[in-house]
Amino acid sequence: MTTSSTSPRPGYRRDRAEQERGGLLVEGVTLSLGDGDATVTALDDVHLDVAPGEFVAIVGPSGSGKSSLLAVAGALTTPDSGRVLLDGVDISRASAREKARHRRERIGFVFQSGNLIPALTALDQLRFALDVAGRRAGDGYDPRELLDRVGMGHRARHRPHQLSGGERQRVGIARALVTRPAVLLVDEPTAALDRARSDDIVTLLAAETHEANVATIMVTHDHDVLHHCDRVLSMVDGRLSE
Ligand SMILES: Nc1ncnc2c1ncn2[C@@H]1O[C@H](COP(=O)(O)OP(=O)(O)OP(=O)(O)O)[C@@H](O)[C@H]1O
């Protein structure tokens with residue numbers, strides 16, 4: 001697809017000043033993976049603008065580049081070209097140490113099945129995330145209040161093996177949000193859940209995106225939950241479109 005100055009790029013909604021103030025801006029990002037003849041263009045001139053409090057879903061076939069986009073937006077992979085701005089700061093060219101700091105302090109990740117630490121209670125999962133980010137009491141959300149907010153206050157002392165899949169996912173969402181990140185990156189959150197639980201979890205993600213005023217990107221194959229999202233974008237062959 002060709003973009004020109006007269007046709008807005010997919011995912012661009014806000015003016016420059018707003019983009020500089022907050023949220024996530026992916027600007028002309030290209031990423032190749034592999035070597036020599038086996039090189040694949042995983043991301044091909046991708047533009048994406050997600051405002052604070054906005055919930056954006058990305059759908060697309062297997063191998064289209066969705067995970068690559070999350071990796072670039074989460075400062076896990078450095079793009080070949082383009083920029084990734086978090087609250088107006090370009091994180092794509094930061095040093096490895098700076099990127100790690102952004103991941104701990106400014107970016108929340110939610111994975112398929114919660115990815116909780118087996119030995120820790122639900123409450124300690126959140127406390128640990130605050131510790132790792134170097135946060136003190138009052139700096140970030142109160143872990144107990146946040147567990148209540150995601151409907152898990154009554155499971156605060158339970159360990160992951162004592163929780164259902166949906167409950168683990170709720171704790172995973174609370175853990176990702178406890179540091180008050182600017183961006184929440186969510187990878188297939190409903191893959192391990194039945195339809196009713198899936199709907200509950202994405203309802204919660206939508207509510208928390210607005211409550212925490214975080215810029216959320218969710219990659220999903222689950223078309224039944226898309227009505228909870230503010231915007232749905234498609235990824236095909238490394239290109240993003242509305
Ligand atoms: N480490 C790698 N080395 C080489 N090619 C890779 C590597 N990781 C991914 N790719 C390729 O990059 C392209 C994009 O992959 P990506 O995992 O981002 O797609 P996806 O849309 O997330 O797929 P899925 O829905 O199956 O998770 C694919 O063609 C994939 O084969």
# chains A, B, ... in the order shown; residues from 1 in each chain; ligands from 1
call {"tool": "residues_near_ligand", "arguments": {"ligand": "ligand 1", "cutoff": "10 Å", "atoms": "only C-alpha atoms and all ligand atoms", "output": "ChimeraX atom specification"}}
result
/A:31-35,38-43,58-72,187-188,219-221,235-238
call {"tool": "residues_around", "arguments": {"residues": "Asp200 (chain A)", "least_positions_apart": "5", "cutoff": "9 Å", "atoms": "only C-alpha atoms", "output": "ChimeraX atom specification"}}
result
/A:166,195,205
call {"tool": "write_last_selection", "arguments": {"atoms": "C-alpha atoms", "output": "PDB file, in the first residue's frame"}}
result
ATOM      1  CA  GLY A 166      -9.273 -16.742  33.955  1.00  0.00           C
ATOM      2  CA  ARG A 195     -15.786 -18.058  25.333  1.00  0.00           C
ATOM      3  CA  LEU A 205      -8.822  -5.107  29.666  1.00  0.00           C
TER       4      LEU A 205
END
call {"tool": "atom_distance", "arguments": {"atom1": "CA of Glu167 (chain A)", "atom2": "CA of Asp139 (chain A)"}}
result
25.3 Å
call {"tool": "select_by_dssp", "arguments": {"residues": "region 64-188 of chain A", "states": "strand (DSSP E)", "output": "PyMOL selection string"}}
result
chain A and resi 81-86+89-90+107-110+183-187
call {"tool": "write_last_selection", "arguments": {"atoms": "N, CA and C atoms", "output": "short mmCIF file (atom, residue, chain, number, x, y, z; two decimals), in the first residue's frame"}}
result
data_model
loop_
_atom_site.label_atom_id
_atom_site.label_comp_id
_atom_site.auth_asym_id
_atom_site.auth_seq_id
_atom_site.Cartn_x
_atom_site.Cartn_y
_atom_site.Cartn_z
N SER A 81 14.64 0.31 10.86
CA SER A 81 14.44 1.75 10.66
C SER A 81 13.12 2.14 11.30
N GLY A 82 12.94 3.45 11.44
CA GLY A 82 11.73 3.97 12.08
C GLY A 82 11.94 4.23 13.55
N ARG A 83 10.89 4.74 14.20
CA ARG A 83 11.00 5.13 15.61
C ARG A 83 9.81 4.59 16.42
N VAL A 84 10.06 4.38 17.70
CA VAL A 84 8.99 4.01 18.63
C VAL A 84 9.02 5.02 19.76
N LEU A 85 7.98 5.86 19.84
CA LEU A 85 7.95 6.90 20.86
C LEU A 85 6.99 6.52 21.98
N LEU A 86 7.50 6.57 23.19
CA LEU A 86 6.71 6.28 24.38
C LEU A 86 6.62 7.59 25.15
N VAL A 89 9.12 9.96 23.93
CA VAL A 89 10.55 9.63 24.00
C VAL A 89 10.84 8.44 23.09
N ASP A 90 11.83 8.59 22.22
CA ASP A 90 12.19 7.50 21.28
C ASP A 90 12.93 6.40 22.04
N ILE A 107 6.29 -0.04 30.57
CA ILE A 107 5.59 -0.95 29.66
C ILE A 107 5.08 -2.14 30.46
N GLY A 108 3.81 -2.48 30.26
CA GLY A 108 3.25 -3.68 30.89
C GLY A 108 3.01 -4.74 29.84
N PHE A 109 3.33 -5.99 30.18
CA PHE A 109 3.13 -7.10 29.24
C PHE A 109 2.11 -8.09 29.84
N VAL A 110 1.18 -8.53 29.00
CA VAL A 110 0.26 -9.60 29.40
C VAL A 110 0.37 -10.70 28.35
N VAL A 183 2.14 2.08 28.50
CA VAL A 183 1.72 1.19 27.41
C VAL A 183 1.48 -0.20 27.96
N LEU A 184 0.39 -0.83 27.49
CA LEU A 184 0.11 -2.21 27.87
C LEU A 184 0.08 -3.05 26.59
N LEU A 185 0.94 -4.07 26.53
CA LEU A 185 1.05 -4.92 25.34
C LEU A 185 0.52 -6.31 25.70
N VAL A 186 -0.48 -6.74 24.97
CA VAL A 186 -1.22 -7.94 25.35
C VAL A 186 -1.20 -8.93 24.19
N ASP A 187 -0.67 -10.14 24.45
CA ASP A 187 -0.50 -11.13 23.39
C ASP A 187 -1.46 -12.30 23.59
#
call {"tool": "residues_around", "arguments": {"residues": "His228 (chain A)", "least_positions_apart": "4", "cutoff": "10 Å", "atoms": "only C-alpha atoms", "output": "list in words"}}
result
Phe55, Val56, Ala57, Asp199, Val202, Thr203, Leu204, Leu205, Ala206, Ala207, Asp224 and Val232 of chain A
call {"tool": "atom_distance", "arguments": {"atom1": "CA of Glu211 (chain A)", "atom2": "CA of Phe128 (chain A)"}}
result
22.3 Å
call {"tool": "select_by_dssp", "arguments": {"residues": "region 25-219 of chain A", "states": "alpha helix (DSSP H)", "output": "number ranges by chain"}}
result
A: 66-73, 96-106, 122-132, 143-149, 165-177, 195-211
call {"tool": "closest_residue", "arguments": {"among": "A:Val171, A:Ala17, A:Leu24, A:Leu193", "to": "Asn115 (chain A)", "atoms": "only C-alpha atoms"}}
result
A:Val171
call {"tool": "closest_residue", "arguments": {"among": "A:Glu208, A:Asp44, A:Asp222, A:Asp49", "to": "Gly151 (chain A)", "atoms": "only C-alpha atoms"}}
result
A:Glu208
call {"tool": "atom_distance", "arguments": {"atom1": "CA of Leu25 (chain A)", "atom2": "CA of Gly114 (chain A)"}}
result
26.1 Å
call {"tool": "closest_residue", "arguments": {"among": "A:Leu147, A:Val214, A:Val178, A:Leu48", "to": "Gly23 (chain A)", "atoms": "only C-alpha atoms"}}
result
A:Val214
call {"tool": "residues_around", "arguments": {"residues": "Gly140 (chain A)", "least_positions_apart": "5", "cutoff": "10 Å", "atoms": "only C-alpha atoms", "output": "PDB file with C-alpha atoms, in the first residue's frame"}}
result
ATOM      1  CA  GLU A 105       8.852   1.052  34.474  1.00  0.00           C
ATOM      2  CA  LEU A 130       6.782  -3.049  41.945  1.00  0.00           C
ATOM      3  CA  ALA A 133      10.588  -1.552  38.809  1.00  0.00           C
ATOM      4  CA  ARG A 135       8.829   1.566  42.986  1.00  0.00           C
ATOM      5  CA  LEU A 177      -0.640  -2.469  35.473  1.00  0.00           C
ATOM      6  CA  VAL A 178       0.663  -2.134  39.029  1.00  0.00           C
ATOM      7  CA  THR A 179       3.617   0.039  37.973  1.00  0.00           C
ATOM      8  CA  ARG A 180       1.216   2.414  36.126  1.00  0.00           C
ATOM      9  CA  PRO A 181       2.783   1.834  32.704  1.00  0.00           C
TER      10      PRO A 181
END
call {"tool": "closest_residue", "arguments": {"among": "A:Arg14, A:Val132, A:Pro143, A:Val50", "to": "Ile217 (chain A)", "atoms": "only C-alpha atoms"}}
result
A:Val50
call {"tool": "closest_residue", "arguments": {"among": "A:Met218, A:Ala51, A:Ala182, A:Ala122", "to": "Gln162 (chain A)", "atoms": "only C-alpha atoms"}}
result
A:Ala122
call {"tool": "closest_residue", "arguments": {"among": "A:Gly165, A:Gly53, A:Pro79, A:Gly172", "to": "Ala129 (chain A)", "atoms": "only C-alpha atoms"}}
result
A:Gly172
